[in-house]
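Have a look at start_18.cif below; it lists mmCIF, C-alpha atoms and all ligand atoms.
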```cif
data_start
loop_
_atom_site.label_atom_id
_atom_site.label_comp_id
_atom_site.auth_asym_id
_atom_site.auth_seq_id
_atom_site.Cartn_x
_atom_site.Cartn_y
_atom_site.Cartn_z
CA MET A 1 87.68 215.93 127.90
CA ALA A 2 86.09 218.85 129.76
CA ASP A 3 87.60 221.28 127.22
CA LEU A 4 86.13 219.31 124.32
CA GLU A 5 82.75 219.29 126.07
CA ALA A 6 82.96 223.05 126.57
CA ASP A 7 83.85 223.57 122.87
CA LEU A 8 80.98 221.30 121.89
CA VAL A 9 78.46 223.21 124.04
CA ILE A 10 79.72 226.53 122.66
CA ALA A 11 79.36 225.24 119.07
CA LEU A 12 75.83 223.96 119.73
CA ARG A 13 74.81 227.21 121.46
CA ARG A 14 76.02 229.27 118.49
CA ALA A 15 74.43 227.05 115.83
CA MET A 16 71.13 228.14 114.31
CA HIS A 17 70.41 224.61 113.08
CA TYR A 18 71.31 220.98 113.79
CA LEU A 19 75.00 220.09 113.62
CA THR A 20 76.08 216.62 112.53
CA ARG A 21 78.75 214.62 114.31
CA ASP A 22 81.16 215.43 111.46
CA ASP A 23 80.35 219.18 111.67
CA LEU A 24 81.07 219.08 115.40
CA ALA A 25 84.26 217.06 114.89
CA ARG A 26 85.50 219.69 112.44
CA ILE A 27 84.51 222.69 114.58
CA CYS A 28 85.94 221.18 117.77
CA ASN A 29 89.03 219.73 116.15
CA ALA A 30 88.22 216.23 117.42
CA ASP A 31 87.24 212.92 115.85
CA PRO A 32 83.61 211.73 115.60
CA VAL A 33 84.10 209.03 118.27
CA GLN A 34 85.26 211.68 120.76
CA ILE A 35 82.17 213.76 119.86
CA CYS A 36 79.89 210.77 120.64
CA GLU A 37 81.63 210.26 123.98
CA ALA A 38 81.41 213.94 124.84
CA VAL A 39 77.68 214.05 123.98
CA SER A 40 77.01 210.98 126.18
CA SER A 41 78.90 212.53 129.06
CA LEU A 42 76.98 215.81 128.70
CA LEU A 43 73.64 213.96 128.61
CA GLU A 44 74.57 212.11 131.80
CA ARG A 45 75.30 215.44 133.43
CA GLY A 46 71.88 216.87 132.69
CA TYR A 47 72.43 218.73 129.38
CA ARG A 48 69.39 218.43 127.16
CA ILE A 49 70.72 217.63 123.70
CA GLU A 50 68.36 216.41 121.02
CA GLU A 51 69.63 214.04 118.32
CA ILE A 52 67.68 213.54 115.12
CA PRO A 53 69.05 210.75 112.92
CA GLY A 54 70.28 212.18 109.63
CA GLU A 55 70.10 215.78 110.94
CA GLY A 56 72.44 215.90 113.91
CA TYR A 57 72.44 217.47 117.35
CA ARG A 58 70.74 220.51 118.89
CA LEU A 59 71.20 221.94 122.37
CA ILE A 60 67.86 222.41 124.10
CA ASP A 61 68.95 223.45 127.58
CA LEU A 62 71.85 223.72 129.99
CA PRO A 63 71.65 221.71 133.21
CA GLU A 64 70.35 223.26 136.42
CA ILE A 65 73.26 221.70 138.29
CA ILE A 66 76.51 223.59 138.65
CA ASP A 67 78.77 222.11 136.05
CA ASP A 68 82.27 223.00 134.88
CA VAL A 69 81.33 223.02 131.20
CA SER A 70 78.41 225.40 131.59
CA ILE A 71 80.49 227.70 133.82
CA LYS A 72 83.28 227.73 131.23
CA THR A 73 80.83 228.73 128.52
CA LEU A 74 79.50 231.60 130.68
CA LEU A 75 82.75 232.86 132.23
CA ARG A 76 84.69 235.76 130.69
CA ALA A 77 87.83 235.90 132.80
CA GLU A 78 91.56 235.85 132.06
CA PHE A 79 92.91 233.37 134.56
CA ILE A 80 90.34 232.81 137.30
CA GLY A 81 88.55 229.59 136.40
CA ARG A 82 91.04 228.45 133.73
CA GLU A 83 90.74 225.19 135.66
CA ILE A 84 87.32 224.49 137.19
CA LEU A 85 86.53 221.35 139.13
CA THR A 86 82.92 220.68 140.06
CA PHE A 87 81.68 218.07 142.50
CA ARG A 88 78.28 216.87 143.62
CA SER A 89 79.46 216.50 147.19
CA VAL A 90 82.73 217.13 149.04
CA THR A 91 83.71 217.60 152.67
CA SER A 92 84.76 221.20 152.02
CA THR A 93 85.80 222.93 148.79
CA ASN A 94 88.58 224.62 150.80
CA ASP A 95 89.98 221.18 151.68
CA VAL A 96 89.92 220.11 148.02
CA ALA A 97 91.53 223.39 146.90
CA PHE A 98 94.21 223.02 149.59
CA ALA A 99 95.05 219.51 148.39
CA LEU A 100 95.18 220.81 144.82
CA GLY A 101 97.41 223.70 145.90
CA ARG A 102 99.86 221.26 147.47
CA SER A 103 99.94 219.16 144.31
CA GLY A 104 100.80 222.15 142.11
CA ALA A 105 97.42 223.22 140.66
CA ILE A 106 97.53 226.49 138.74
CA ASN A 107 96.80 230.01 139.97
CA GLY A 108 93.08 230.72 139.57
CA THR A 109 91.86 227.10 139.89
CA VAL A 110 88.24 227.05 141.10
CA VAL A 111 86.60 224.20 143.04
CA VAL A 112 82.79 224.18 143.21
CA ALA A 113 80.47 221.74 144.97
CA ASP A 114 76.71 221.37 145.05
CA GLU A 115 76.94 220.15 148.63
CA GLN A 116 79.54 220.24 151.41
CA LYS A 117 79.33 217.59 154.12
CA ARG A 118 81.69 219.49 156.43
CA GLY A 119 81.61 223.07 155.18
CA ARG A 120 83.86 225.22 157.36
CA GLY A 121 83.30 228.76 158.59
CA ARG A 122 85.55 231.30 160.29
CA LEU A 123 86.66 230.93 163.89
CA GLY A 124 86.23 227.13 163.85
CA ARG A 125 82.52 227.23 163.04
CA SER A 126 80.73 224.99 160.54
CA TRP A 127 79.03 226.30 157.42
CA HIS A 128 75.61 224.91 156.48
CA SER A 129 75.99 223.81 152.83
CA PRO A 130 73.07 221.66 151.64
CA ALA A 131 72.69 220.46 148.05
CA GLY A 132 70.74 222.49 145.51
CA CYS A 133 70.71 225.75 147.50
CA GLY A 134 73.91 227.67 147.34
CA LEU A 135 77.19 228.45 145.75
CA TRP A 136 79.97 226.80 147.71
CA PHE A 137 83.31 227.38 146.02
CA SER A 138 87.01 228.03 146.58
CA ILE A 139 89.57 229.89 144.51
CA LEU A 140 93.22 228.86 144.62
CA LEU A 141 95.61 231.82 144.25
CA ARG A 142 99.35 232.09 144.13
CA PRO A 143 99.81 235.79 144.96
CA ASP A 144 103.08 237.63 145.13
CA LEU A 145 102.02 239.28 148.41
CA SER A 146 103.25 239.09 152.00
CA LEU A 147 101.05 237.27 154.51
CA PRO A 148 99.62 240.48 156.03
CA ASP A 149 98.85 241.84 152.56
CA SER A 150 97.22 238.53 151.59
CA SER A 151 94.55 239.14 154.21
CA THR A 152 93.21 241.96 152.04
CA ILE A 153 92.20 239.32 149.46
CA SER A 154 89.25 238.47 151.74
CA LEU A 155 88.13 242.08 151.69
CA ALA A 156 88.43 242.17 147.89
CA SER A 157 86.34 238.98 147.71
CA ALA A 158 83.62 240.45 149.91
CA LEU A 159 83.59 243.57 147.73
CA ALA A 160 83.25 241.46 144.57
CA VAL A 161 80.32 239.47 146.02
CA ALA A 162 78.51 242.48 147.49
CA GLU A 163 78.78 244.56 144.31
CA THR A 164 77.68 241.63 142.15
CA LEU A 165 74.56 241.11 144.28
CA VAL A 166 73.73 244.82 144.06
CA GLU A 167 74.27 244.94 140.29
CA GLU A 168 72.63 241.65 139.33
CA PHE A 169 69.66 241.61 141.71
CA GLY A 170 69.30 245.12 143.14
CA ILE A 171 69.80 243.64 146.63
CA ARG A 172 71.07 246.09 149.30
CA ALA A 173 74.11 243.99 150.08
CA GLU A 174 76.70 245.44 152.46
CA ILE A 175 79.93 244.22 154.02
CA LYS A 176 80.18 243.51 157.72
CA TRP A 177 83.92 243.80 158.36
CA PRO A 178 85.96 241.82 157.75
CA ASN A 179 84.22 239.78 155.11
CA ASP A 180 80.61 238.85 155.73
CA VAL A 181 78.14 240.05 153.15
CA VAL A 182 74.84 240.97 154.78
CA VAL A 183 71.44 242.29 153.71
CA ASN A 184 69.53 244.19 156.40
CA GLY A 185 71.81 242.59 158.98
CA ARG A 186 71.20 239.05 157.74
CA LYS A 187 74.10 237.06 156.36
CA ILE A 188 73.92 236.13 152.68
CA CYS A 189 77.58 235.23 152.15
CA GLY A 190 80.54 234.15 154.26
CA ILE A 191 84.20 233.99 153.27
CA LEU A 192 86.94 231.83 154.72
CA THR A 193 90.44 232.62 153.49
CA GLU A 194 93.29 230.28 154.38
CA ALA A 195 96.96 230.35 153.39
CA GLU A 196 99.75 227.84 153.06
CA CYS A 197 103.06 229.43 154.08
CA VAL A 198 106.65 228.28 154.13
CA GLY A 199 108.37 230.53 156.65
CA GLU A 200 107.41 234.08 155.66
CA ARG A 201 106.58 233.13 152.08
CA VAL A 202 102.97 232.61 151.01
CA GLU A 203 102.86 229.47 148.86
CA PHE A 204 99.19 229.80 148.02
CA VAL A 205 95.94 231.21 149.34
CA VAL A 206 92.52 229.55 149.22
CA VAL A 207 89.52 231.88 149.25
CA GLY A 208 86.39 229.92 150.17
CA ILE A 209 83.11 231.67 149.42
CA GLY A 210 79.65 230.51 150.43
CA ILE A 211 76.64 232.35 149.00
CA ASN A 212 73.09 231.41 149.98
CA VAL A 213 71.28 231.54 146.64
CA LEU A 214 68.11 229.46 146.40
CA ASN A 215 67.47 228.81 150.10
CA THR A 216 63.98 229.46 151.40
CA LYS A 217 63.50 230.39 155.07
CA ASP A 218 62.71 226.70 155.81
CA ASP A 219 66.03 225.55 154.34
CA PHE A 220 67.96 227.08 157.26
CA PRO A 221 68.11 224.98 160.44
CA PRO A 222 66.50 226.62 163.52
CA GLU A 223 69.86 227.51 165.06
CA ILE A 224 70.72 229.73 162.07
CA THR A 225 68.51 232.68 162.87
CA SER A 226 70.19 235.46 160.99
CA ALA A 227 70.72 234.21 157.45
CA THR A 228 69.15 235.13 154.15
CA SER A 229 69.50 234.21 150.48
CA VAL A 230 69.36 235.78 147.03
CA MET A 231 65.90 234.24 146.53
CA ILE A 232 64.53 235.52 149.85
CA GLU A 233 65.83 239.04 149.18
CA SER A 234 65.07 239.40 145.48
CA GLY A 235 62.38 236.81 144.75
CA VAL A 236 64.55 235.69 141.83
CA ARG A 237 65.40 232.02 141.24
CA ALA A 238 68.92 232.88 140.17
CA SER A 239 71.05 230.61 138.02
CA ARG A 240 73.92 229.57 140.24
CA GLY A 241 76.22 229.05 137.24
CA ARG A 242 75.60 232.55 135.95
CA LEU A 243 76.01 234.13 139.39
CA LEU A 244 79.25 232.23 139.93
CA SER A 245 80.59 233.49 136.59
CA ARG A 246 79.74 237.12 137.44
CA VAL A 247 81.34 236.84 140.90
CA LEU A 248 84.50 235.25 139.49
CA GLU A 249 84.81 237.92 136.79
CA LYS A 250 84.44 240.71 139.35
CA PHE A 251 86.74 238.99 141.79
CA GLU A 252 89.42 238.76 139.10
CA ARG A 253 89.25 242.52 138.48
CA GLU A 254 89.44 243.39 142.20
CA TYR A 255 92.24 240.91 142.78
CA MET A 256 94.28 242.32 139.88
CA ARG A 257 93.79 245.84 141.28
CA LEU A 258 94.98 244.63 144.66
CA CYS A 259 98.07 242.94 143.22
CA ASN A 260 98.99 245.79 140.86
CA ASP A 261 97.99 248.93 142.78
CA GLY A 262 97.62 247.80 146.39
CA PHE A 263 94.74 247.87 148.86
CA SER A 264 94.26 251.63 148.54
CA SER A 265 92.89 251.05 145.01
CA ILE A 266 89.80 249.26 146.38
CA ARG A 267 89.58 250.88 149.84
CA PRO A 268 87.20 253.77 148.99
CA ARG A 269 84.59 251.42 147.46
CA LEU A 270 84.99 249.03 150.35
CA ILE A 271 84.43 251.81 152.87
CA GLY A 272 81.37 252.95 150.90
CA ILE A 273 79.71 249.53 151.20
CA THR A 274 80.76 248.62 154.78
CA THR A 275 77.93 248.68 157.36
CA VAL A 276 79.62 249.18 160.70
CA LEU A 277 81.56 252.41 160.19
CA GLY A 278 80.35 255.19 162.44
CA LYS A 279 78.50 252.66 164.62
CA MET A 280 79.08 251.27 168.12
CA VAL A 281 80.42 247.73 167.88
CA ARG A 282 81.52 244.88 170.10
CA ILE A 283 84.45 242.85 168.80
CA ARG A 284 85.33 239.40 169.96
CA SER A 285 88.87 238.37 169.09
CA GLY A 286 90.05 235.17 170.76
CA SER A 287 89.28 235.51 174.47
CA LYS A 288 89.27 239.32 174.29
CA GLU A 289 86.21 241.48 173.85
CA ILE A 290 86.26 245.20 173.21
CA GLU A 291 83.58 247.78 172.63
CA GLY A 292 83.82 251.07 170.83
CA MET A 293 83.05 253.18 167.80
CA ALA A 294 84.12 251.69 164.43
CA LEU A 295 85.90 254.61 162.81
CA ASP A 296 87.56 253.50 159.61
CA ILE A 297 89.29 250.76 157.64
CA ASP A 298 92.96 251.67 157.43
CA HIS A 299 95.44 251.22 154.59
CA SER A 300 96.16 247.63 155.60
CA GLY A 301 92.49 246.59 155.80
CA SER A 302 92.35 246.68 159.62
CA LEU A 303 89.35 248.12 161.47
CA LEU A 304 90.06 251.19 163.60
CA VAL A 305 87.95 251.29 166.76
CA ARG A 306 87.87 254.09 169.38
CA THR A 307 87.16 252.69 172.83
CA GLU A 308 85.30 254.47 175.64
CA ASN A 309 88.53 255.77 177.14
CA GLY A 310 89.47 257.46 173.85
CA VAL A 311 92.13 254.97 172.70
CA THR A 312 92.04 253.97 169.03
CA LEU A 313 92.75 250.28 168.49
CA ARG A 314 93.71 248.62 165.23
CA ILE A 315 91.80 245.34 164.86
CA THR A 316 93.11 242.79 162.38
CA VAL A 317 90.84 239.85 163.17
CA GLY A 318 87.60 239.27 165.03
CA GLU A 319 83.87 238.95 165.05
CA VAL A 320 82.01 242.26 164.95
CA VAL A 321 78.53 242.77 166.38
CA ARG A 322 76.70 246.08 166.38
CA VAL A 323 75.57 247.39 169.74
CA GLU A 324 72.77 249.91 169.99
C1 LIG A 401 82.09 232.30 157.57
O1 LIG A 401 81.32 233.24 157.40
O2 LIG A 401 82.25 231.82 158.69
C2 LIG A 401 82.84 231.74 156.40
C3 LIG A 401 82.04 230.75 155.62
C4 LIG A 401 82.77 230.22 154.40
C5 LIG A 401 82.00 229.15 153.68
C6 LIG A 401 82.66 228.74 152.41
S1 LIG A 401 81.64 227.66 151.45
C7 LIG A 401 82.97 227.30 150.40
C8 LIG A 401 84.20 227.19 151.24
N1 LIG A 401 84.35 225.85 151.77
C9 LIG A 401 84.22 225.80 153.10
O3 LIG A 401 84.29 224.78 153.80
N2 LIG A 401 84.01 227.04 153.58
C10 LIG A 401 83.98 228.03 152.52
#
```

Kindly present the structure from the file in C-alpha cells form.
Amino acid sequence: MADLEADLVIALRRAMHYLTRDDLARICNADPVQICEAVSSLLERGYRIEEIPGEGYRLIDLPEIIDDVSIKTLLRAEFIGREILTFRSVTSTNDVAFALGRSGAINGTVVVADEQKRGRGRLGRSWHSPAGCGLWFSILLRPDLSLPDSSTISLASALAVAETLVEEFGIRAEIKWPNDVVVNGRKICGILTEAECVGERVEFVVVGIGINVLNTKDDFPPEITSATSVMIESGVRASRGRLLSRVLEKFEREYMRLCNDGFSSIRPRLIGITTVLGKMVRIRSGSKEIEGMALDIDHSGSLLVRTENGVTLRITVGEVVRVE
C-alpha cells in the first residue's frame, strides 16, 4: 500500500490540474477502489488533498509529520531507504531495526520515529527524543566488512550528517571523534552504531542517528546543558523529511565509498572536519582515563593520542573532552 501511496503522491505533485480517480488508477496501475483507499489513508496521515466532485483530486500540501510516503517522494538514493518504516512513537528505532534485522529485513531499511520513549545513547546513556523536535532514525546495513572495519561506518555517518548540515544550512558543524556532530562545542547529533555478529561474521549493523532539528533552548531538559539544534544554529524551521532525505543520500555515497575503496577514501575529509586534532584532550574509556594531544585519525579510524610521557596511544573507543 505504501508504494501505491507514494506513486499517488508523485502523480499528484507532477499534475498541473486535477486528476480523476480513473486518471490516478491508470497512472498508478491500480484500480479505482485502491485509489480511494490510498487517498483516505493519506488524508488520515495529514496530507492535504482536495477533492472536487466531477474534477478529481489535487495535492495542496505534504504533512509536517515524518512520513514514509513523503520521504520516498523526496529521496534519491539507490538502496538506502528502499524500505522505510515510520512510527509516531517507539521505544528506540535501534531496537526496531534490530528486530527487523533478525527477521531478515533488507539492506538499507530505514526506521524513523517522531518520538522515542527510551532513546539510547552511547556508553549506556539515554537519548532525549521528544515528539515533533528531531530526526530519530536507524539504518539497517548488511555490510561485507569485518567487525573492526564496520566501526568506520559510524565515522562515515558522522561525516554525512556534518557535511549535510554545512551544505544545507551553512552551520559550522564539526565532528567530535568518534561520531558526535557539534556546533561551537554543542552537540547537534549523536550516533549509536550496534552490530549483530555470529562468531567473527557481521550479520548486520544498525546505525542509529539522532539529530536535534526543531528544538528550542527550552525543549532541552536542564540536565542537558551542551546541546543545540538546527533551528537554534540557523534560525531555519527545517523540514525534517527533506533533511532526512539529504542525510540518507549523502550517507549512501559515503558508505559505498567505504565498502568499495576503504576508509582511506573518506579519511582526508573526516580529518578536515574533526574538531579535536591538535588539541589537548581527556579520554574516558571504561574505567580508564588518559590525557594527551590528539594527533591524528589513523587508517582504521582510531584516534592517535600522545600522552605527557611521549607515548602515542591508539584509541578505538571512548568519550573525548577537550582540556584547555
Ligand atoms: C550518543 O551520542 O550517545 C548517541 C545517540 C544516538 C541517538 C539515536 S536516535 C535514533 C537511534 N535510536 C536510539 O535509541 N538511539 C539512536

Could you name the residues that touch range 16-28 of chain A at 12 Å or less, counting all atoms listed in the file, but leaving out those on the same chain fewer than 3 positions away, as an MDAnalysis selection string? chainID A and resid 1 3:13 31:39 49:60

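Interatomic distance, CA of Met280 in chain A to atom C3 of ligand LIG 401 (chain A): 24.2 Å.
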
I'd like the box whose edges run along x, y and z of the file and which contains every listed atom of range 192-209 of chain A, padded by 8 Å per side; could you state its centre and edge lengths in Å, one decimal, as AutoDock Vina command-line options?
```
--center_x 95.7 --center_y 231.0 --center_z 152.3 --size_x 41.3 --size_y 22.2 --size_z 24.6
```

For Leu303 in chain A, please output as a compact mmCIF listing (two decimals) with C-alpha atoms, in the frame of the given file all residues within 8 Å (counting all atoms listed in the file; exclusion window: fewer than 4 positions along the same chain).
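What follows is the written file result37.txt:
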```txt
# COMPACT_ATOMS: atom_id res chain seq x y z
CA TRP A 177 83.92 243.80 158.36
CA ALA A 294 84.12 251.69 164.43
CA LEU A 295 85.90 254.61 162.81
CA ASP A 296 87.56 253.50 159.61
CA ILE A 297 89.29 250.76 157.64
CA ASP A 298 92.96 251.67 157.43
CA ARG A 314 93.71 248.62 165.23
CA ILE A 315 91.80 245.34 164.86
CA THR A 316 93.11 242.79 162.38
```

Spatial neighbours of Asp219 in chain A, 12 Å, only C-alpha atoms, chain gap at least 4 places, as a PDB file with C-alpha atoms, in the coordinates of the input:
```pdb
ATOM      1  CA  HIS A 128      75.610 224.910 156.480  1.00  0.00           C
ATOM      2  CA  SER A 129      75.990 223.810 152.830  1.00  0.00           C
ATOM      3  CA  PRO A 130      73.070 221.660 151.640  1.00  0.00           C
ATOM      4  CA  ALA A 131      72.690 220.460 148.050  1.00  0.00           C
ATOM      5  CA  GLY A 132      70.740 222.490 145.510  1.00  0.00           C
ATOM      6  CA  CYS A 133      70.710 225.750 147.500  1.00  0.00           C
ATOM      7  CA  GLY A 134      73.910 227.670 147.340  1.00  0.00           C
ATOM      8  CA  ASN A 212      73.090 231.410 149.980  1.00  0.00           C
ATOM      9  CA  VAL A 213      71.280 231.540 146.640  1.00  0.00           C
ATOM     10  CA  LEU A 214      68.110 229.460 146.400  1.00  0.00           C
ATOM     11  CA  ASN A 215      67.470 228.810 150.100  1.00  0.00           C
ATOM     12  CA  GLU A 223      69.860 227.510 165.060  1.00  0.00           C
ATOM     13  CA  ILE A 224      70.720 229.730 162.070  1.00  0.00           C
ATOM     14  CA  THR A 225      68.510 232.680 162.870  1.00  0.00           C
ATOM     15  CA  ALA A 227      70.720 234.210 157.450  1.00  0.00           C
ATOM     16  CA  THR A 228      69.150 235.130 154.150  1.00  0.00           C
ATOM     17  CA  SER A 229      69.500 234.210 150.480  1.00  0.00           C
ATOM     18  CA  MET A 231      65.900 234.240 146.530  1.00  0.00           C
ATOM     19  CA  ILE A 232      64.530 235.520 149.850  1.00  0.00           C
TER      20      ILE A 232
END
```

Check the smallest atom-to-atom distance from each of A:Leu135, A:Ile71, A:Ala160, A:Leu313 to Val230 in chain A using all atoms listed in the file, then report the winner.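 Using all atoms listed in the file, the shortest distance to Val230 in chain A belongs to A:Leu135.
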
List all protein, DNA and RNA residues that have any atom at most 10 Å from ligand LIG 401 (chain A), counting only C-alpha atoms and all ligand atoms, and write the list as a short mmCIF file (atom, residue, chain, number, x, y, z; two decimals) with C-alpha atoms, keeping the file's coordinate frame.
```
data_model
loop_
_atom_site.label_atom_id
_atom_site.label_comp_id
_atom_site.auth_asym_id
_atom_site.auth_seq_id
_atom_site.Cartn_x
_atom_site.Cartn_y
_atom_site.Cartn_z
CA VAL A 90 82.73 217.13 149.04
CA THR A 91 83.71 217.60 152.67
CA SER A 92 84.76 221.20 152.02
CA THR A 93 85.80 222.93 148.79
CA ASN A 94 88.58 224.62 150.80
CA ASP A 95 89.98 221.18 151.68
CA VAL A 96 89.92 220.11 148.02
CA ALA A 97 91.53 223.39 146.90
CA VAL A 111 86.60 224.20 143.04
CA VAL A 112 82.79 224.18 143.21
CA ALA A 113 80.47 221.74 144.97
CA GLU A 115 76.94 220.15 148.63
CA GLN A 116 79.54 220.24 151.41
CA LYS A 117 79.33 217.59 154.12
CA ARG A 118 81.69 219.49 156.43
CA GLY A 119 81.61 223.07 155.18
CA ARG A 120 83.86 225.22 157.36
CA GLY A 121 83.30 228.76 158.59
CA ARG A 122 85.55 231.30 160.29
CA LEU A 123 86.66 230.93 163.89
CA GLY A 124 86.23 227.13 163.85
CA ARG A 125 82.52 227.23 163.04
CA SER A 126 80.73 224.99 160.54
CA TRP A 127 79.03 226.30 157.42
CA HIS A 128 75.61 224.91 156.48
CA SER A 129 75.99 223.81 152.83
CA GLY A 134 73.91 227.67 147.34
CA LEU A 135 77.19 228.45 145.75
CA TRP A 136 79.97 226.80 147.71
CA PHE A 137 83.31 227.38 146.02
CA SER A 138 87.01 228.03 146.58
CA ILE A 139 89.57 229.89 144.51
CA PRO A 178 85.96 241.82 157.75
CA ASN A 179 84.22 239.78 155.11
CA ASP A 180 80.61 238.85 155.73
CA VAL A 181 78.14 240.05 153.15
CA LYS A 187 74.10 237.06 156.36
CA ILE A 188 73.92 236.13 152.68
CA CYS A 189 77.58 235.23 152.15
CA GLY A 190 80.54 234.15 154.26
CA ILE A 191 84.20 233.99 153.27
CA LEU A 192 86.94 231.83 154.72
CA THR A 193 90.44 232.62 153.49
CA GLU A 194 93.29 230.28 154.38
CA VAL A 206 92.52 229.55 149.22
CA VAL A 207 89.52 231.88 149.25
CA GLY A 208 86.39 229.92 150.17
CA ILE A 209 83.11 231.67 149.42
CA GLY A 210 79.65 230.51 150.43
CA ILE A 211 76.64 232.35 149.00
CA ASN A 212 73.09 231.41 149.98
CA GLU A 319 83.87 238.95 165.05
#
```

Cut-off 9 Å around (82.9, 253.2, 174.8) with all atoms listed in the file: residues as a VMD selection string: chain A and resid 280 290 to 293 306 to 310

Who sits within 12 Å of Gly199 in chain A, only C-alpha atoms, same chain under 3 positions skipped, as a list in words: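 Listing them by chain and then by number gives Ser146, Leu147, Ala195, Glu196, Val202 and Glu203 of chain A.
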
Between CA of Glu233 in chain A and CA of Ile171 in chain A, measure the distance and give it in Å to one decimal.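 Here the two named atoms are 6.6 Å from each other.
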
Provide the CA of Leu270 in chain A to CA of Leu159 in chain A distance in Å, to one decimal place. 6.2 Å

Kindly indicate which residue among A:Asn260, A:Arg45, A:Arg186, A:Thr152 lies nearest to Lys217 in chain A, using all atoms listed in the file for the distances.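 Checking each of A:Asn260, A:Arg45, A:Arg186, A:Thr152 against Lys217 in chain A, counting all atoms listed in the file, the winner is A:Arg186.
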
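Taking all atoms listed in the file into account, Lys72 in chain A lies nearest to A:Leu244 out of the set A:Leu244, A:Ala15, A:Ile175, A:Ala99.
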
Choose the residue, out of A:Ile271, A:Asp67, A:Leu155, A:Gly170, that has the smallest atom-to-atom separation from Glu44 in chain A; count only C-alpha atoms.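 The shortest atom-to-atom distance to Glu44 in chain A comes from A:Asp67.
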
Fewer than 6 positions away in the same chain doesn't count, so skip those; otherwise give me all residues within 9 Å of Arg322 in chain A, counting only C-alpha atoms, as a PyMOL selection string. chain A and resi 276+279-283

For a quick check of understanding, using all atoms listed in the file, which of A:Ser157, A:Leu140, A:Glu289, A:Glu78 has the smallest distance to Ile106 in chain A?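 Comparing A:Ser157, A:Leu140, A:Glu289, A:Glu78 against Ile106 in chain A, the winner is A:Leu140.
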